[in-house]
Each structure stands twice: as structure tokens, then as C-alpha cells.
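Okay, query-v3.cif is below, mmCIF, C-alpha atoms:
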```
data_start
#
loop_
_atom_site.label_atom_id
_atom_site.label_comp_id
_atom_site.auth_asym_id
_atom_site.auth_seq_id
_atom_site.Cartn_x
_atom_site.Cartn_y
_atom_site.Cartn_z
CA MET R 760 95.80 -78.12 11.14
CA CYS R 761 94.87 -80.12 8.06
CA TYR R 762 91.45 -79.80 6.44
CA THR R 763 89.84 -81.91 3.72
CA GLY R 764 87.16 -80.87 1.29
CA GLY R 765 83.48 -81.45 1.99
CA ARG R 766 82.16 -82.19 -1.51
CA GLU R 767 79.51 -84.82 -2.05
CA ARG R 768 79.99 -87.76 -4.40
CA GLY R 769 77.98 -87.81 -7.60
CA ALA R 770 77.43 -84.02 -7.72
CA ARG R 771 79.18 -81.89 -10.30
CA THR R 772 81.50 -79.34 -8.69
CA VAL R 773 81.15 -75.69 -9.73
CA LYS R 774 82.62 -72.45 -8.43
CA PRO R 775 82.00 -72.00 -4.70
CA ARG R 776 79.20 -69.55 -3.98
CA LEU R 777 77.18 -68.05 -1.18
CA GLN R 778 73.42 -68.03 -1.52
CA ALA R 779 71.64 -65.52 0.73
CA ALA R 780 68.73 -67.26 2.47
CA ALA R 781 67.86 -64.32 4.76
CA GLY R 782 68.89 -60.73 5.40
CA PRO R 783 69.44 -57.63 3.27
CA LEU R 784 70.78 -59.68 0.31
CA VAL R 785 68.14 -62.43 0.45
CA ASP R 786 67.77 -64.49 -2.77
CA SER R 787 71.04 -63.19 -4.20
CA ILE R 788 74.06 -65.37 -4.99
CA TYR R 789 77.69 -64.32 -4.54
CA VAL R 790 80.17 -66.34 -6.64
CA TRP R 791 83.57 -66.88 -5.05
CA ASN R 792 86.09 -65.91 -7.72
CA GLY R 793 89.15 -64.77 -5.74
CA ALA R 794 91.34 -66.21 -3.03
CA GLU R 795 89.15 -64.88 -0.24
CA ILE R 796 85.88 -63.13 0.59
CA ARG R 797 85.87 -60.46 3.26
CA ILE R 798 82.42 -59.76 4.69
CA GLY R 799 81.36 -56.81 6.83
CA ARG R 800 79.52 -53.51 7.05
CA ASN R 801 82.39 -51.41 5.63
CA ALA R 802 82.25 -50.67 1.91
CA SER R 803 85.86 -51.83 1.50
CA ASN R 804 84.82 -55.48 2.01
CA SER R 805 84.47 -57.70 -1.03
CA LEU R 806 80.95 -58.46 0.23
CA ALA R 807 79.66 -55.33 1.97
CA ILE R 808 76.27 -55.61 3.72
CA ARG R 809 74.23 -52.73 5.15
CA ASP R 810 73.46 -54.30 8.51
CA LEU R 811 74.11 -52.56 11.81
CA SER R 812 74.41 -55.90 13.59
CA LEU R 813 77.53 -56.68 11.52
CA SER R 814 80.96 -55.41 12.45
CA ARG R 815 82.80 -53.25 9.95
CA ARG R 816 85.11 -56.20 9.24
CA HIS R 817 83.13 -59.21 10.39
CA CYS R 818 84.69 -62.37 8.92
CA VAL R 819 86.79 -63.73 6.07
CA LEU R 820 86.40 -66.84 3.92
CA ARG R 821 89.61 -68.30 2.50
CA ARG R 822 90.55 -71.20 0.26
CA GLN R 823 93.22 -73.54 1.65
CA ASP R 824 94.30 -76.20 -0.85
CA GLU R 825 91.05 -78.03 -1.66
CA SER R 826 89.23 -76.79 1.43
CA TYR R 827 87.38 -73.63 2.37
CA LEU R 828 87.71 -71.93 5.74
CA ILE R 829 85.77 -69.21 7.53
CA ARG R 830 87.37 -67.10 10.27
CA ASP R 831 85.70 -64.61 12.56
CA LEU R 832 87.54 -61.26 12.75
CA GLU R 833 86.70 -60.64 16.41
CA SER R 834 83.26 -59.35 15.43
CA ARG R 835 80.90 -57.96 18.06
CA ASN R 836 78.02 -60.37 17.45
CA GLY R 837 79.96 -63.40 16.26
CA THR R 838 80.03 -65.75 13.27
CA PHE R 839 77.89 -68.90 13.30
CA VAL R 840 78.10 -72.05 11.18
CA ASN R 841 75.08 -74.35 11.40
CA GLY R 842 74.00 -72.59 14.60
CA SER R 843 77.34 -72.80 16.43
CA ALA R 844 79.61 -69.83 17.12
CA VAL R 845 83.02 -70.30 15.51
CA SER R 846 86.34 -68.51 15.53
CA GLU R 847 87.49 -70.63 12.58
CA ALA R 848 85.88 -73.56 10.82
CA ARG R 849 86.04 -75.64 7.68
CA LEU R 850 83.07 -75.20 5.33
CA LYS R 851 81.37 -77.99 3.43
CA HIS R 852 78.59 -77.99 0.88
CA GLY R 853 75.26 -76.94 2.39
CA ASP R 854 76.64 -75.29 5.53
CA GLN R 855 74.59 -72.35 6.83
CA ILE R 856 76.54 -69.24 7.81
CA ALA R 857 74.76 -66.72 10.06
CA LEU R 858 76.14 -63.18 10.30
CA GLY R 859 73.98 -60.55 11.99
CA ASP R 860 70.61 -60.57 10.23
CA SER R 861 71.97 -62.52 7.24
CA VAL R 862 72.05 -66.25 6.60
CA PHE R 863 74.12 -67.64 3.72
CA VAL R 864 74.26 -71.18 2.39
CA PHE R 865 77.72 -72.29 1.22
CA LEU R 866 77.41 -74.21 -2.06
CA LEU R 867 80.02 -76.27 -3.88
CA ASN R 868 77.81 -78.52 -5.99
CA GLU R 869 75.48 -77.69 -8.84
CA ASP R 870 72.41 -79.26 -7.25
CA GLY R 871 72.13 -76.58 -4.52
CA HIS R 872 69.64 -77.57 -1.82
CA GLU R 873 68.12 -80.53 -3.67
CA ALA R 874 70.35 -83.10 -1.98
CA SER R 875 69.48 -81.71 1.47
CA ARG R 876 65.77 -81.70 0.75
CA ALA R 877 65.84 -85.23 -0.68
CA ALA R 878 67.48 -86.50 2.52
CA VAL R 879 64.44 -85.60 4.64
CA GLU R 880 62.17 -88.54 5.46
CA PHE R 881 59.01 -88.56 7.59
CA ASP R 882 58.37 -91.25 10.18
CA ASP R 883 54.73 -91.89 11.04
CA THR R 884 55.56 -93.79 14.22
CA ILE R 885 53.64 -92.32 17.17
CA ALA R 886 56.05 -91.13 19.85
CA GLN R 887 55.28 -90.33 23.47
CA ALA R 888 56.67 -86.88 24.23
CA THR R 889 58.31 -86.53 27.62
CA THR R 890 57.56 -82.80 27.80
CA GLN R 891 54.78 -80.83 26.20
CA ILE R 892 54.22 -77.09 26.21
CA ARG R 893 51.74 -74.73 24.62
CA PRO R 894 53.14 -71.76 22.65
CA GLN R 895 51.39 -69.32 24.99
CA ASP R 896 53.29 -70.83 27.94
CA VAL R 897 56.77 -70.34 26.45
CA LEU R 898 58.79 -68.06 28.74
CA TYR R 899 60.58 -66.21 25.95
CA LEU R 900 57.28 -65.19 24.34
CA GLN R 901 56.13 -63.45 27.54
CA PRO R 902 58.03 -60.15 27.92
CA ASP R 903 56.92 -59.45 31.49
CA ARG R 904 58.09 -62.86 32.72
CA VAL R 905 61.43 -62.48 30.90
CA LEU R 906 61.97 -59.12 32.58
CA LYS R 907 61.29 -60.60 36.02
CA GLU R 908 64.02 -63.19 35.43
CA LEU R 909 66.65 -60.46 34.97
CA PRO R 910 68.08 -57.89 37.40
CA ALA R 911 65.92 -54.78 37.75
CA THR R 912 68.78 -52.59 36.51
CA SER R 913 69.57 -54.76 33.48
CA ARG R 914 69.65 -52.64 30.33
CA LEU R 915 69.89 -55.84 28.27
CA GLY R 916 66.74 -57.09 29.96
CA ARG R 917 64.80 -53.95 29.06
CA THR R 918 66.13 -54.15 25.51
CA LEU R 919 65.12 -57.78 25.02
CA ASN R 920 61.77 -57.04 26.59
CA ALA R 921 61.14 -54.15 24.17
CA LEU R 922 62.16 -56.21 21.11
CA LEU R 923 59.89 -59.07 22.12
CA LYS R 924 56.99 -56.69 22.71
CA ILE R 925 57.59 -55.06 19.31
CA SER R 926 57.52 -58.47 17.65
CA ARG R 927 54.21 -59.32 19.32
CA VAL R 928 52.71 -55.91 18.51
CA ALA R 929 53.76 -56.14 14.86
CA HIS R 930 51.88 -59.42 14.49
CA SER R 931 48.75 -58.45 16.40
CA ILE R 932 47.75 -54.91 15.33
CA SER R 933 46.48 -54.14 11.83
CA ASP R 934 45.38 -50.53 12.42
CA LEU R 935 48.24 -48.31 11.21
CA ASP R 936 47.80 -45.50 13.76
CA LYS R 937 47.55 -47.90 16.71
CA LEU R 938 50.55 -49.85 15.44
CA GLN R 939 52.68 -46.70 15.13
CA GLU R 940 51.58 -45.47 18.56
CA GLN R 941 52.55 -48.78 20.17
CA ILE R 942 55.93 -48.83 18.40
CA LEU R 943 56.82 -45.33 19.57
CA GLU R 944 55.63 -46.00 23.13
CA LEU R 945 57.85 -49.10 23.30
CA ILE R 946 60.79 -47.13 21.91
CA PHE R 947 60.26 -44.55 24.67
CA GLU R 948 60.51 -47.35 27.26
CA VAL R 949 64.14 -48.03 26.30
CA VAL R 950 65.32 -44.76 24.73
CA PRO R 951 65.24 -41.53 26.80
CA ALA R 952 63.53 -39.53 24.05
CA GLU R 953 61.08 -36.67 24.52
CA GLN R 954 59.30 -36.98 21.20
CA GLY R 955 59.31 -39.09 18.08
CA ALA R 956 57.69 -39.71 14.74
CA ILE R 957 57.21 -42.48 12.21
CA LEU R 958 57.35 -41.22 8.63
CA LEU R 959 56.06 -43.54 5.91
CA ASP R 960 56.07 -43.21 2.16
CA GLY R 961 56.06 -46.12 -0.22
CA ALA R 962 56.72 -43.90 -3.25
CA GLY R 963 60.13 -42.70 -2.13
CA SER R 964 59.29 -38.98 -2.25
CA GLU R 965 59.99 -36.34 0.38
CA ASP R 966 56.28 -35.72 0.98
CA PHE R 967 55.41 -38.53 3.35
CA SER R 968 52.01 -40.14 2.92
CA SER R 969 51.79 -41.05 6.61
CA LEU R 970 53.11 -39.02 9.54
CA PHE R 971 52.55 -40.21 13.09
CA VAL R 972 53.90 -38.20 16.02
CA HIS R 973 54.10 -39.24 19.66
CA PRO R 974 53.23 -37.42 21.80
CA GLY R 975 50.88 -35.51 19.50
CA THR R 976 52.31 -32.08 20.40
CA LYS R 977 55.22 -30.78 22.43
CA LYS R 978 54.78 -29.40 25.93
CA ASP R 979 54.61 -25.87 24.56
CA GLY R 980 51.83 -26.83 22.16
CA MET R 981 54.09 -26.64 19.10
CA PRO R 982 54.24 -29.50 16.59
CA LEU R 983 57.30 -31.74 16.37
CA ARG R 984 59.77 -30.33 13.86
CA VAL R 985 61.77 -32.94 11.96
CA SER R 986 64.81 -31.97 9.94
CA ARG R 987 64.23 -32.55 6.22
CA THR R 988 68.02 -32.74 5.81
CA ILE R 989 68.19 -35.72 8.16
CA THR R 990 65.15 -37.56 6.78
CA ARG R 991 66.32 -37.04 3.18
CA GLN R 992 69.69 -38.59 3.98
CA VAL R 993 68.07 -41.56 5.71
CA MET R 994 65.59 -42.11 2.86
CA GLU R 995 68.13 -41.75 0.05
CA GLN R 996 71.04 -43.65 1.59
CA GLY R 997 69.21 -46.14 3.79
CA LEU R 998 71.57 -45.39 6.68
CA ALA R 999 70.74 -44.87 10.35
CA ILE R 1000 71.90 -41.55 11.84
CA LEU R 1001 72.94 -40.84 15.43
CA GLY R 1002 73.44 -37.30 16.64
CA ALA R 1003 74.76 -37.93 20.15
CA GLU R 1004 75.62 -34.29 20.85
CA VAL R 1005 74.04 -32.13 18.13
CA PRO R 1006 75.44 -28.71 19.23
CA GLY R 1007 78.98 -30.11 19.20
CA SER R 1008 78.63 -32.07 15.97
CA GLY R 1009 80.35 -30.60 12.95
CA GLY R 1010 77.78 -32.07 10.56
CA LEU R 1011 74.54 -31.50 12.50
CA SER R 1012 75.28 -28.25 14.30
CA GLY R 1013 74.76 -26.40 11.02
CA VAL R 1014 71.26 -27.80 10.41
CA GLU R 1015 69.02 -24.78 10.97
CA SER R 1016 65.94 -26.59 12.31
CA LEU R 1017 68.00 -28.50 14.90
CA VAL R 1018 69.62 -25.31 16.15
CA THR R 1019 66.33 -23.38 16.19
CA PHE R 1020 64.52 -25.98 18.28
CA GLN R 1021 67.56 -26.69 20.50
CA VAL R 1022 67.72 -30.41 19.74
CA ARG R 1023 70.52 -31.92 21.82
CA SER R 1024 70.43 -35.56 20.70
CA LEU R 1025 68.62 -37.40 17.89
CA LEU R 1026 68.19 -40.72 16.13
CA CYS R 1027 66.75 -41.39 12.70
CA VAL R 1028 66.69 -44.88 11.20
CA PRO R 1029 65.28 -46.23 7.92
CA VAL R 1030 62.27 -48.51 7.72
CA THR R 1031 63.25 -50.97 5.01
CA VAL R 1032 61.34 -53.77 3.28
CA PHE R 1033 63.17 -55.95 0.75
CA GLN R 1034 66.00 -53.42 0.43
CA LYS R 1035 63.51 -50.61 -0.29
CA VAL R 1036 63.31 -47.72 2.17
CA ILE R 1037 59.62 -47.03 2.84
CA GLY R 1038 60.10 -44.49 5.63
CA GLY R 1039 61.93 -43.70 8.83
CA ILE R 1040 61.65 -43.55 12.61
CA TYR R 1041 62.84 -40.30 14.21
CA VAL R 1042 63.27 -39.50 17.93
CA ASP R 1043 65.01 -36.61 19.67
CA THR R 1044 65.43 -34.77 22.95
CA THR R 1045 66.19 -31.20 23.94
CA SER R 1046 67.48 -32.16 27.39
CA PRO R 1047 71.18 -31.36 27.96
CA ALA R 1048 71.31 -34.24 30.45
CA VAL R 1049 70.36 -36.88 27.85
CA ARG R 1050 72.69 -38.27 25.25
CA PHE R 1051 71.77 -41.07 22.85
CA ASP R 1052 74.47 -43.67 22.22
CA GLN R 1053 75.36 -46.50 19.82
CA ASP R 1054 73.21 -48.99 21.71
CA HIS R 1055 70.18 -46.72 21.37
CA LEU R 1056 70.86 -46.43 17.63
CA GLU R 1057 71.13 -50.18 17.13
CA LEU R 1058 68.04 -50.81 19.25
CA VAL R 1059 65.83 -48.39 17.29
CA ALA R 1060 67.24 -49.77 14.02
CA SER R 1061 66.33 -53.28 15.21
CA ILE R 1062 62.82 -52.15 16.13
CA ALA R 1063 62.45 -50.60 12.67
CA GLY R 1064 63.57 -53.87 11.10
CA ILE R 1065 61.14 -55.99 13.13
CA SER R 1066 58.16 -53.72 12.46
CA ALA R 1067 58.88 -52.75 8.82
CA VAL R 1068 56.71 -55.37 7.10
CA ALA R 1069 53.83 -54.76 9.52
CA LEU R 1070 54.00 -51.00 8.88
CA GLU R 1071 53.94 -51.57 5.12
CA ASN R 1072 51.09 -54.08 5.24
CA ALA R 1073 48.82 -52.28 7.73
CA PRO R 1074 47.06 -50.02 5.16
CA ALA R 1075 46.32 -53.00 2.90
CA LEU R 1076 45.02 -55.03 5.85
CA ALA R 1077 42.76 -52.14 6.85
CA LEU R 1078 41.34 -51.96 3.31
CA ALA R 1079 40.83 -55.70 3.25
CA GLY R 1080 39.05 -55.54 6.61
CA ALA R 1081 36.81 -52.73 5.38
CA GLY R 1082 36.01 -54.74 2.27
CA LYS R 1083 35.03 -57.79 4.31
CA LEU R 1084 32.87 -55.61 6.56
CA ALA R 1085 31.12 -54.09 3.56
CA ALA R 1086 30.62 -57.52 2.00
CA GLY R 1087 29.21 -58.82 5.27
CA SER R 1088 26.79 -55.90 5.50
CA GLY R 1089 25.70 -56.51 1.92
CA ASN R 1090 25.07 -60.19 2.56
CA LYS R 1091 23.08 -59.35 5.69
CA PHE R 1092 20.99 -56.82 3.72
CA ALA R 1093 20.36 -59.36 0.97
CA ALA R 1094 19.34 -62.00 3.49
CA GLN R 1095 16.89 -59.59 5.12
CA HIS R 1096 15.46 -58.04 1.97
CA GLY R 1097 15.93 -60.73 -0.65
CA GLY R 1098 17.28 -60.13 -4.14
#
```
Written form, C-alpha cells:
Amino acid sequence: MCYTGGRERGARTVKPRLQAAAGPLVDSIYVWNGAEIRIGRNASNSLAIRDLSLSRRHCVLRRQDESYLIRDLESRNGTFVNGSAVSEARLKHGDQIALGDSVFVFLLNEDGHEASRAAVEFDDTIAQATTQIRPQDVLYLQPDRVLKELPATSRLGRTLNALLKISRVAHSISDLDKLQEQILELIFEVVPAEQGAILLDGAGSEDFSSLFVHPGTKKDGMPLRVSRTITRQVMEQGLAILGAEVPGSGGLSGVESLVTFQVRSLLCVPVTVFQKVIGGIYVDTTSPAVRFDQDHLELVASIAGISAVALENAPALALAGAGKLAAGSGNKFAAQHGG
């Protein structure tokens, strides 16, 4: 198959590069210096990205004569160019490459996005729409309706339902405690956990500034015990941890707190905002009949990603709301009493 280059006339050609428009590497630029770029979650890749939705070896970009190709390496979630799934495709200047949570723009010319932006024109002609719909009527924004459209036993349906609910909750609740409670309750709908906690700390220390546990206490009245060894690893390395079978795990079976409280299965994922770990979400179970799996890990990690910004912003929103309330009270007092 013969490919030709996709460069635009009148633009000075520079080294090919990938500009991250979204995802863990957002706003960074990767210059293509070698013959190929291998992208994936594994550290051995030339462009390694900490993203659980990526495969260890996700895709490869290669130069062929004067053209540039991208090939999917049989990844789990696929490789997309300009919104279309591809197994192999030629790249041209301005193409958008979506991999997991990341979006890259492939650039060959010096002018970057300017040519694309300049090509947009607005037409003021009034058009008669054939179909109109209000945002509140959109099926995919109504979790309960989505769930009804899927088989009752569909795990995917429950997962999509939980993610959609989390997204709505994250944009509608500003009270930190209520937000954390809702997040944990939705996690419990799709993960067979007995107890969980959200641990927040914007300073990066081990003494968390916000601890929210759900349910508040265990059945025996004892507080939830969270392994400091696990949370430290999550906070320092920014990696999600799955302990599917803690007693049989070589690494976790030696953690004293897990053994003492007979934890059988656990998950702990980082809450990350702009590549900074601000906390973690921890859930576990002591039931021998329950075993968390990879899907549970990826789901909780996704929930953490969706809710991270809301969790970070909630305290500031609460302060802002309190300030407005105080200002309103002051204005009312002044109106009543003069001054």
C-alpha cells in the first residue's frame, strides 16, 4: 500500500510532533526524533502514559518514506484517528489521535492549529432543524433510562450507569461530605465492597486533611482501618492497587493491618488532578466469597478520574458559598438598619 504525505502548502515543515490536547500529558509536546514512537502504559514504551485505559503496548507510529503511519497493537480499547477506530492509518497534519483518556494532535507544520482555526467560518443563515431535543431529554444523560435499555444482568450496563451518575453527581454537589458519600454509595452499587473511604490531602503528606468513611463504622462498631503501606504507595507512585486475594498475595499478605483485620480483597486508586495526586479512594471486603477483579479496579479508577476535580474544588466552593451568604446577610442588615 502506497501512502503520500499530508503536509499543507505554504507552511514551513518542522520535525513531526505530538501535542497532548487532553489526558495525563495535557499541554505537553512530544517531538518525534526516531524512526518510530511506541505508546502504551508500560514504562518500556518511548512514550509511556500512566492511564489504566491504555494497553501496556497500545500503538506504534512509524515513518514510511515521506509519510507517517499509526498502527494499533491489538489494544483493548482501540486507537482512534479523528473519531474513527483504526487498525492502521496514514497521519496528516492536524489529525487527532485518541488513546484511552488522551488526545494528541499530530503536527507537521510550524503553524500548529492556526490553519485549522482560520478555516472555520460562521454562516448566519437561519436553518430549520428537522429534529430538536432539550439536553434534559437526552437518553444518555439519564442513567435510569439507559439501564432499562440493557439486559437486567448486564454488568456493562451497571458500569455505564454508575459512571454517568458519578458524572452528574460531580457537577451538581458542592458540599464535600455529601459529594464523597454519593461517590462511595455509587461505587458500592457496582463493586461488592463492605466498606470504603475517600482520603484527601492537597499537600501530599501522609496525614490526610479529609477522611470520609462509608459506612461510618463497621458492623462491630470498630472504625475502618486503612493500610498506611497501601495508601503511601498510591500517593507516592500514583498507581492503582488491586489485592484480589490478599491472604494469598506475596506482597500484601505481609501487611500487618490487612492480616489483623482479615481483609480478603481490596482496591486503592489515586485521585489525580493535573498529574498531582491529591488523595485516594480505598474499598475492601472481609468476605471470603468476594474477590475484586481487573474490571473493578478500572471502574473505581475511572470514577476517581471523573470526580477528582469536583473533590478538589468542593472546599473552595463551600467557602465561596459561605462568603456570599455572609455578604448577603450584611447587605440585608445594612438595608434594614442603614449605614
Exercise for review: For the structure provided, state which residues fall under the PyMOL selection byres ((chain R and resi 801) around 12), and present them as a ChimeraX atom specification.
Suggested key: /R:797-800,802-811,813-818
Exercise for review: State, in Å with one decimal place, the distance from CA of Lys774 (chain R) to CA of Ala857 (chain R).
Suggested key: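 These atoms are spaced 20.9 Å apart.
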Point to revise | Pairwise distance for CA of Ala956 (chain R) and CA of Met994 (chain R), rounded to one decimal in Å | key: 14.5 Å
Exercise for review: Just say which residues the PyMOL selection byres ((chain R and resi 1059-1068) around 6) picks in this file, as a list of chain:residue names.
Suggested key: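 On this input, the PyMOL selection byres ((chain R and resi 1059-1068) around 6) captures R:Ala929, R:Val1028, R:Val1030, R:Leu1056, R:Glu1057, R:Leu1058, R:Ala1069, R:Leu1070, R:Glu1071.
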Exercise for review: Go through R:Pro1074, R:Gly955, R:Gly842, R:Gly997 one by one, measure the shortest atom-to-atom distance of each to Gln1034 (chain R) using all atoms listed in the file, and give the residue with the smallest value.
Suggested key: R:Gly997
Practice item. I need the residue set behind the PyMOL selection byres ((chain R and resi 1039-1053) around 6) for this file; please write it as a PyMOL selection string. Key: chain R and resi 952-958+1003+1021-1030+1038+1054-1056
**Study point:** Pairwise distance for CA of Glu795 (chain R) and CA of Leu820 (chain R), rounded to one decimal in Å
**Key:**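 Here the two named atoms are 5.4 Å from each other.
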Exercise for review: Step by step: start from the point (65.6, -47.6, 28.5) in the file's coordinates, keep every protein, DNA or RNA residue that has an atom no farther than 7 Å from it, count only C-alpha atoms, and write the set as a PyMOL selection string.
Suggested key: chain R and resi 914+917+948-951
For those residues, write C-alpha atoms to a file as a compact mmCIF listing (two decimals), in the frame of the given file.
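What landed in selection.txt:
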```
# COMPACT_ATOMS: atom_id res chain seq x y z
CA ARG R 914 69.65 -52.64 30.33
CA ARG R 917 64.80 -53.95 29.06
CA GLU R 948 60.51 -47.35 27.26
CA VAL R 949 64.14 -48.03 26.30
CA VAL R 950 65.32 -44.76 24.73
CA PRO R 951 65.24 -41.53 26.80
```
Practice item. Pick out the closest residue to Ala1073 (chain R) from this set: R:Arg776, R:Asp936, R:Thr918, R:Glu833. Count only C-alpha atoms. Key: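 Result for the nearest residue to Ala1073 (chain R): R:Asp936.
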Check your understanding: If we count all atoms listed in the file, what is near Ala848 (chain R) at a cut-off of 7 Å, once residues fewer than 5 positions away on the same chain are taken out, given as number ranges by chain?
Key -> R: 828-830
**Study point:** Residue nearest Val1005 (chain R) among R:Leu970, R:Ile989, R:Val862, R:Leu1017 (counting all atoms listed in the file)
**Key:**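 Comparing R:Leu970, R:Ile989, R:Val862, R:Leu1017 against Val1005 (chain R), the winner is R:Leu1017.
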Practice item. In the coordinate frame of the file, compute which residues have an atom within 12 Å of (54.3, -56.5, 17.6) when using all atoms listed in the file, and state them as a PyMOL selection string. Key: chain R and resi 900+902+920-934+937-945+1062-1070
Deliver the residues from the most recent selection as a file, using C-alpha atoms, as a compact mmCIF listing (two decimals), in the coordinates of the input.
```txt
# COMPACT_ATOMS: atom_id res chain seq x y z
CA LEU R 900 57.28 -65.19 24.34
CA PRO R 902 58.03 -60.15 27.92
CA ASN R 920 61.77 -57.04 26.59
CA ALA R 921 61.14 -54.15 24.17
CA LEU R 922 62.16 -56.21 21.11
CA LEU R 923 59.89 -59.07 22.12
CA LYS R 924 56.99 -56.69 22.71
CA ILE R 925 57.59 -55.06 19.31
CA SER R 926 57.52 -58.47 17.65
CA ARG R 927 54.21 -59.32 19.32
CA VAL R 928 52.71 -55.91 18.51
CA ALA R 929 53.76 -56.14 14.86
CA HIS R 930 51.88 -59.42 14.49
CA SER R 931 48.75 -58.45 16.40
CA ILE R 932 47.75 -54.91 15.33
CA SER R 933 46.48 -54.14 11.83
CA ASP R 934 45.38 -50.53 12.42
CA LYS R 937 47.55 -47.90 16.71
CA LEU R 938 50.55 -49.85 15.44
CA GLN R 939 52.68 -46.70 15.13
CA GLU R 940 51.58 -45.47 18.56
CA GLN R 941 52.55 -48.78 20.17
CA ILE R 942 55.93 -48.83 18.40
CA LEU R 943 56.82 -45.33 19.57
CA GLU R 944 55.63 -46.00 23.13
CA LEU R 945 57.85 -49.10 23.30
CA ILE R 1062 62.82 -52.15 16.13
CA ALA R 1063 62.45 -50.60 12.67
CA GLY R 1064 63.57 -53.87 11.10
CA ILE R 1065 61.14 -55.99 13.13
CA SER R 1066 58.16 -53.72 12.46
CA ALA R 1067 58.88 -52.75 8.82
CA VAL R 1068 56.71 -55.37 7.10
CA ALA R 1069 53.83 -54.76 9.52
CA LEU R 1070 54.00 -51.00 8.88
```
**Study point:** From R:Val972, R:Val785, R:Ala794, R:Ile946, residue lying nearest Val864 (chain R) [all atoms listed in the file]
**Key:** R:Val785
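Of the residues listed (R:Gly793, R:Gly1002, R:Leu784, R:Ala1075), R:Ala1075 shows the shortest atom-to-atom separation from Leu935 (chain R); distances use all atoms listed in the file.
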